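Asker: Got a structure for you, questions after.
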Amino acid sequence: MTVVNDLSHLALTELDPSDYAVPTIAPIRSTGHLDPVFCIHPLVGLVDCYVGLAAHVDDDRPIYGVQVPASGERAESFAALAAQYADDIARIQTDGAVHLLGMSFGGVLAHAIAVELQNRGITVGALTLLDSDPVLARAEGVDLLGAMGDEIDRSHVEELLAVASHNDELVQRHLPGIYFGDILAVSSLGTDSGSAWHPFVCGTVAKYLVPDATSFDVVGPLVESYLD
C-alpha cells in the first residue's frame, strides 16, 4: 500500500506529470478496491489539506487530490474548470461510483463537478462539502492570503496568489446547477453553510455542526460513515 504522508512540500511547479498519468490528480492513497474519493482543491489550488483524511477512511478506499495543473493553464469559466476535472476523474475512475469531497471553495467546485458527472451519466456516490457556502463564495472581499492557510509554502506566494485570485474570479460568476442526490454538509460552529445548499440539491442535505469542519480529526469519522 502506498500512502503519501505529506504533500505540503508540493508547489504547483514541482508536480511532475510523469509521476502520474493525469497531472491534476495527486494520489494520497492509490490502492484499494472500493470506489475512490476525489478531494477537490481549495482556492489556492493545492491538496495538502486533505492528507489527514487517509487516517480515517477505510484502507481499501483510494483517495486522490484534484489540484491545479502544473502547466499553469487557467480555465476560462467555473463550468470549464469543472468539466476539465470531470474529464480527469473519469480517466481514473472508469467503472463504479465517484465520491467527491471539497473544502470551502473546493466544495463549490466539487458540487459543480458532481453536476457535470451526472450530466454525463456517471454515478456520483457521496458528495461531502466542508465549510462550503455557495453564497459566501460569491461574496466580495476574499482574504486571499488568509485563504492560503498556515501550512502553504510561502516561497511560492506570488504563484499561489495568482491561482487563488483567478479561482476567486471564476466563482464570483458561478451560479450552481442542481445536483440530484443527497449531500453531507459539515459546518464549523458559528456558521450554517449547509442551509445555503438547499436550492442546489434535489435530495437530502445532511447538516452537521462541529467545532472545526476543516479538521479531519474532527470530521474524518463522519466522512467515513457517509462513504459507507
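Residues in the C-alpha cells are numbered from 1 in each chain, the chains being A, B, ... in the order shown, and ligands are numbered from 1 in the order shown.
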If DSSP is run on the backbone, what residues of range 24-202 of chain A are helix (DSSP H, G or I)? A reply as a CSV table (one decimal) with N, CA and C atoms, in the first residue's frame would be ideal.
Answerer:
```csv
chain,number,residue,atom,x,y,z
A,48,ASP,N,-2.8,19.6,-0.1
A,48,ASP,CA,-2.1,19.1,1.1
A,48,ASP,C,-3.1,19.0,2.3
A,49,CYS,N,-4.1,19.9,2.2
A,49,CYS,CA,-5.1,19.9,3.3
A,49,CYS,C,-5.9,18.7,3.5
A,50,TYR,N,-5.8,17.8,2.5
A,50,TYR,CA,-6.6,16.5,2.6
A,50,TYR,C,-5.8,15.3,3.0
A,51,VAL,N,-4.5,15.4,3.2
A,51,VAL,CA,-3.7,14.3,3.6
A,51,VAL,C,-4.2,13.6,4.8
A,52,GLY,N,-4.7,14.4,5.8
A,52,GLY,CA,-5.2,13.8,7.1
A,52,GLY,C,-6.4,12.9,6.9
A,53,LEU,N,-7.1,13.0,5.8
A,53,LEU,CA,-8.3,12.1,5.6
A,53,LEU,C,-8.0,10.7,5.6
A,54,ALA,N,-6.8,10.3,5.1
A,54,ALA,CA,-6.4,8.9,4.9
A,54,ALA,C,-6.5,8.1,6.2
A,55,ALA,N,-6.2,8.7,7.3
A,55,ALA,CA,-6.2,8.0,8.6
A,55,ALA,C,-7.5,7.6,9.1
A,56,HIS,N,-8.6,8.2,8.5
A,56,HIS,CA,-10.0,8.0,8.9
A,56,HIS,C,-10.8,7.2,7.9
A,78,PHE,N,-15.9,28.8,-14.5
A,78,PHE,CA,-16.0,27.8,-13.5
A,78,PHE,C,-16.5,26.5,-14.1
A,79,ALA,N,-17.5,26.6,-15.0
A,79,ALA,CA,-18.0,25.4,-15.7
A,79,ALA,C,-17.0,24.7,-16.4
A,80,ALA,N,-16.1,25.4,-17.1
A,80,ALA,CA,-15.0,24.8,-17.9
A,80,ALA,C,-14.0,24.1,-16.9
A,81,LEU,N,-13.8,24.7,-15.8
A,81,LEU,CA,-12.9,24.1,-14.8
A,81,LEU,C,-13.5,22.8,-14.3
A,82,ALA,N,-14.8,22.8,-14.0
A,82,ALA,CA,-15.5,21.6,-13.5
A,82,ALA,C,-15.5,20.5,-14.6
A,83,ALA,N,-15.7,20.9,-15.8
A,83,ALA,CA,-15.6,19.9,-16.9
A,83,ALA,C,-14.2,19.3,-17.1
A,84,GLN,N,-13.2,20.1,-17.0
A,84,GLN,CA,-11.8,19.6,-17.1
A,84,GLN,C,-11.6,18.6,-16.0
A,85,TYR,N,-11.9,18.9,-14.8
A,85,TYR,CA,-11.7,17.9,-13.7
A,85,TYR,C,-12.6,16.7,-13.8
A,86,ALA,N,-13.8,16.9,-14.3
A,86,ALA,CA,-14.6,15.7,-14.6
A,86,ALA,C,-14.0,14.8,-15.6
A,87,ASP,N,-13.3,15.3,-16.6
A,87,ASP,CA,-12.6,14.5,-17.6
A,87,ASP,C,-11.5,13.8,-16.9
A,88,ASP,N,-10.7,14.5,-16.0
A,88,ASP,CA,-9.6,13.8,-15.4
A,88,ASP,C,-10.0,12.7,-14.4
A,89,ILE,N,-11.1,13.0,-13.7
A,89,ILE,CA,-11.6,12.0,-12.8
A,89,ILE,C,-12.1,10.7,-13.5
A,90,ALA,N,-12.8,11.0,-14.7
A,90,ALA,CA,-13.3,9.9,-15.4
A,90,ALA,C,-12.2,9.0,-16.0
A,91,ARG,N,-11.0,9.6,-16.2
A,91,ARG,CA,-9.9,8.8,-16.7
A,91,ARG,C,-9.3,7.9,-15.7
A,92,ILE,N,-9.5,8.3,-14.4
A,92,ILE,CA,-9.0,7.5,-13.3
A,92,ILE,C,-10.1,6.4,-12.9
A,105,PHE,N,-14.0,26.7,-1.0
A,105,PHE,CA,-14.1,26.8,-2.5
A,105,PHE,C,-14.1,25.4,-3.1
A,106,GLY,N,-13.4,24.5,-2.6
A,106,GLY,CA,-13.3,23.1,-3.2
A,106,GLY,C,-14.7,22.5,-3.1
A,107,GLY,N,-15.5,22.8,-2.1
A,107,GLY,CA,-16.8,22.2,-2.0
A,107,GLY,C,-17.7,22.7,-3.1
A,108,VAL,N,-17.7,24.0,-3.4
A,108,VAL,CA,-18.5,24.6,-4.5
A,108,VAL,C,-18.0,23.9,-5.8
A,109,LEU,N,-16.7,23.7,-6.0
A,109,LEU,CA,-16.2,23.1,-7.2
A,109,LEU,C,-16.6,21.6,-7.2
A,110,ALA,N,-16.6,20.9,-6.1
A,110,ALA,CA,-17.0,19.5,-6.0
A,110,ALA,C,-18.4,19.4,-6.4
A,111,HIS,N,-19.3,20.3,-6.0
A,111,HIS,CA,-20.7,20.3,-6.4
A,111,HIS,C,-20.8,20.4,-7.9
A,112,ALA,N,-20.1,21.4,-8.5
A,112,ALA,CA,-20.1,21.6,-9.9
A,112,ALA,C,-19.6,20.4,-10.7
A,113,ILE,N,-18.6,19.7,-10.2
A,113,ILE,CA,-18.1,18.5,-10.8
A,113,ILE,C,-19.1,17.4,-10.8
A,114,ALA,N,-19.8,17.3,-9.6
A,114,ALA,CA,-20.8,16.3,-9.4
A,114,ALA,C,-22.0,16.5,-10.4
A,115,VAL,N,-22.4,17.7,-10.6
A,115,VAL,CA,-23.4,18.0,-11.6
A,115,VAL,C,-22.9,17.7,-13.0
A,116,GLU,N,-21.7,18.0,-13.3
A,116,GLU,CA,-21.1,17.7,-14.7
A,116,GLU,C,-21.1,16.1,-14.9
A,117,LEU,N,-20.6,15.4,-13.9
A,117,LEU,CA,-20.5,14.0,-14.0
A,117,LEU,C,-21.9,13.3,-14.2
A,118,GLN,N,-22.9,13.8,-13.4
A,118,GLN,CA,-24.3,13.3,-13.6
A,118,GLN,C,-24.8,13.6,-15.0
A,119,ASN,N,-24.5,14.8,-15.5
A,119,ASN,CA,-24.9,15.1,-16.9
A,119,ASN,C,-24.3,14.1,-17.9
A,136,LEU,N,-21.6,32.6,0.1
A,136,LEU,CA,-20.4,33.3,0.6
A,136,LEU,C,-19.2,33.3,-0.4
A,137,ALA,N,-19.2,32.2,-1.1
A,137,ALA,CA,-18.1,32.0,-2.1
A,137,ALA,C,-18.2,33.1,-3.2
A,138,ARG,N,-19.4,33.7,-3.4
A,138,ARG,CA,-19.5,34.8,-4.3
A,138,ARG,C,-19.5,36.2,-3.7
A,144,LEU,N,-7.3,36.6,0.3
A,144,LEU,CA,-6.5,35.6,-0.5
A,144,LEU,C,-5.4,35.1,0.4
A,145,LEU,N,-4.7,35.9,1.1
A,145,LEU,CA,-3.6,35.5,1.9
A,145,LEU,C,-4.1,34.6,3.0
A,146,GLY,N,-5.2,35.0,3.6
A,146,GLY,CA,-5.8,34.2,4.7
A,146,GLY,C,-6.2,32.9,4.2
A,147,ALA,N,-6.8,32.8,3.0
A,147,ALA,CA,-7.3,31.6,2.4
A,147,ALA,C,-6.2,30.6,2.1
A,154,ARG,N,5.2,29.4,1.6
A,154,ARG,CA,5.2,30.9,1.3
A,154,ARG,C,6.2,31.3,0.3
A,155,SER,N,7.2,30.5,-0.1
A,155,SER,CA,8.2,30.8,-1.1
A,155,SER,C,7.5,30.9,-2.5
A,156,HIS,N,6.3,30.3,-2.6
A,156,HIS,CA,5.6,30.3,-3.9
A,156,HIS,C,4.4,31.2,-3.8
A,157,VAL,N,4.5,32.2,-2.9
A,157,VAL,CA,3.3,33.0,-2.6
A,157,VAL,C,2.7,33.7,-3.8
A,158,GLU,N,3.6,34.3,-4.7
A,158,GLU,CA,3.0,35.0,-5.8
A,158,GLU,C,2.3,34.1,-6.8
A,159,GLU,N,2.8,32.9,-7.0
A,159,GLU,CA,2.2,31.9,-7.9
A,159,GLU,C,0.8,31.5,-7.3
A,160,LEU,N,0.9,31.2,-6.0
A,160,LEU,CA,-0.3,30.7,-5.3
A,160,LEU,C,-1.4,31.8,-5.2
A,161,LEU,N,-1.0,33.1,-5.0
A,161,LEU,CA,-1.9,34.2,-5.0
A,161,LEU,C,-2.6,34.3,-6.4
A,162,ALA,N,-1.8,34.1,-7.5
A,162,ALA,CA,-2.3,34.2,-8.8
A,162,ALA,C,-3.4,33.2,-9.0
A,163,VAL,N,-3.1,32.0,-8.6
A,163,VAL,CA,-4.1,30.9,-8.7
A,163,VAL,C,-5.4,31.2,-7.9
A,164,ALA,N,-5.2,31.6,-6.7
A,164,ALA,CA,-6.3,31.9,-5.8
A,164,ALA,C,-7.1,33.1,-6.4
A,165,SER,N,-6.5,34.1,-6.9
A,165,SER,CA,-7.2,35.3,-7.5
A,165,SER,C,-8.0,34.8,-8.7
A,166,HIS,N,-7.4,34.0,-9.5
A,166,HIS,CA,-8.1,33.5,-10.7
A,166,HIS,C,-9.3,32.7,-10.3
A,167,ASN,N,-9.2,31.8,-9.4
A,167,ASN,CA,-10.3,30.9,-8.9
A,167,ASN,C,-11.4,31.8,-8.3
A,168,ASP,N,-11.0,32.8,-7.5
A,168,ASP,CA,-11.9,33.7,-6.9
A,168,ASP,C,-12.8,34.4,-8.0
A,169,GLU,N,-12.1,34.8,-9.1
A,169,GLU,CA,-12.8,35.5,-10.2
A,169,GLU,C,-13.8,34.5,-10.8
A,170,LEU,N,-13.4,33.3,-11.0
A,170,LEU,CA,-14.3,32.3,-11.6
A,170,LEU,C,-15.6,32.0,-10.7
A,171,VAL,N,-15.4,31.9,-9.4
A,171,VAL,CA,-16.5,31.5,-8.6
A,171,VAL,C,-17.5,32.7,-8.4
A,172,GLN,N,-16.9,33.9,-8.6
A,172,GLN,CA,-17.8,35.1,-8.5
A,172,GLN,C,-18.9,35.1,-9.5
A,193,SER,N,-23.3,26.8,6.7
A,193,SER,CA,-23.1,26.7,5.3
A,193,SER,C,-24.1,25.7,4.6
A,194,GLY,N,-24.4,24.7,5.4
A,194,GLY,CA,-25.3,23.6,4.8
A,194,GLY,C,-26.6,24.1,4.3
A,195,SER,N,-27.2,25.1,5.0
A,195,SER,CA,-28.5,25.6,4.6
A,195,SER,C,-28.5,26.3,3.2
A,196,ALA,N,-27.3,26.8,2.8
A,196,ALA,CA,-27.2,27.5,1.6
A,196,ALA,C,-27.3,26.6,0.4
A,197,TRP,N,-27.1,25.3,0.6
A,197,TRP,CA,-27.1,24.3,-0.5
A,197,TRP,C,-28.5,23.8,-0.9
A,198,HIS,N,-29.5,24.1,-0.1
A,198,HIS,CA,-30.9,23.5,-0.4
A,198,HIS,C,-31.4,23.9,-1.8
A,199,PRO,N,-31.2,25.1,-2.3
A,199,PRO,CA,-31.7,25.4,-3.6
A,199,PRO,C,-31.0,24.7,-4.7
A,200,PHE,N,-29.8,24.1,-4.4
A,200,PHE,CA,-29.0,23.5,-5.5
A,200,PHE,C,-28.9,22.0,-5.3
```
Asker: If you run DSSP on the backbone, which residues of range 29-221 of chain A are strand (DSSP E or B), as a PyMOL selection string?
Answerer: chain A and resi 29+37-40+63-66+98-103+124-130+179-180+183-188+201-202+205-210
Asker: Write a file of the just-selected residues containing C-alpha atoms, as a CSV table (one decimal), in the first residue's frame.
Answerer:
```csv
chain,number,residue,atom,x,y,z
A,29,ARG,CA,-3.6,6.6,-1.4
A,37,VAL,CA,-12.9,9.6,-3.1
A,38,PHE,CA,-11.7,12.6,-5.0
A,39,CYS,CA,-10.8,15.6,-2.8
A,40,ILE,CA,-11.1,18.9,-4.8
A,63,ILE,CA,-8.0,8.8,-2.1
A,64,TYR,CA,-7.0,11.3,-4.7
A,65,GLY,CA,-6.5,15.0,-4.6
A,66,VAL,CA,-7.6,17.1,-7.6
A,98,VAL,CA,-17.3,8.6,-7.9
A,99,HIS,CA,-17.2,10.1,-4.4
A,100,LEU,CA,-16.4,13.8,-4.1
A,101,LEU,CA,-15.3,15.9,-1.2
A,102,GLY,CA,-14.4,19.6,-1.1
A,103,MET,CA,-13.5,22.2,1.5
A,124,VAL,CA,-21.8,10.1,-8.1
A,125,GLY,CA,-21.8,8.4,-4.7
A,126,ALA,CA,-21.1,10.6,-1.7
A,127,LEU,CA,-20.8,14.4,-2.1
A,128,THR,CA,-19.3,15.9,1.0
A,129,LEU,CA,-18.9,19.6,1.5
A,130,LEU,CA,-16.9,21.0,4.4
A,179,TYR,CA,-27.3,18.1,-8.0
A,180,PHE,CA,-29.6,15.1,-7.9
A,183,ILE,CA,-25.1,15.6,0.3
A,184,LEU,CA,-23.2,15.8,3.5
A,185,ALA,CA,-22.6,19.4,4.6
A,186,VAL,CA,-20.4,20.0,7.6
A,187,SER,CA,-20.1,23.4,9.1
A,188,SER,CA,-17.9,24.9,11.8
A,201,VAL,CA,-29.7,20.0,-4.3
A,202,CYS,CA,-32.6,17.7,-5.3
A,205,VAL,CA,-28.9,17.9,2.8
A,206,ALA,CA,-27.5,16.2,5.9
A,207,LYS,CA,-26.2,19.1,8.0
A,208,TYR,CA,-23.7,18.8,10.9
A,209,LEU,CA,-22.2,21.5,13.1
A,210,VAL,CA,-18.7,20.6,14.5
```
Asker: How many Å lie between CA of Asp133 in chain A and CA of Ser104 in chain A, rounded to one decimal?
Answerer: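 CA of Ser104 in chain A lies 6.9 Å from CA of Asp133 in chain A.
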Asker: Could you state the separation of CA of Thr123 in chain A and CA of Ile25 in chain A in Å, given to one decimal place?
Answerer: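 Computed distance, CA of Thr123 in chain A to CA of Ile25 in chain A, equals 19.3 Å.
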Asker: Which distance in Å separates CA of Arg61 in chain A and CA of Ser30 in chain A, to one decimal?
Answerer: 8.3 Å
Asker: Between A:Pro23, A:Gly190, A:Pro211, A:Gly32, which one has atoms that come closest to Asp59 in chain A, using only C-alpha atoms?
Answerer: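 Distance minimum relative to Asp59 in chain A lands on A:Gly32.
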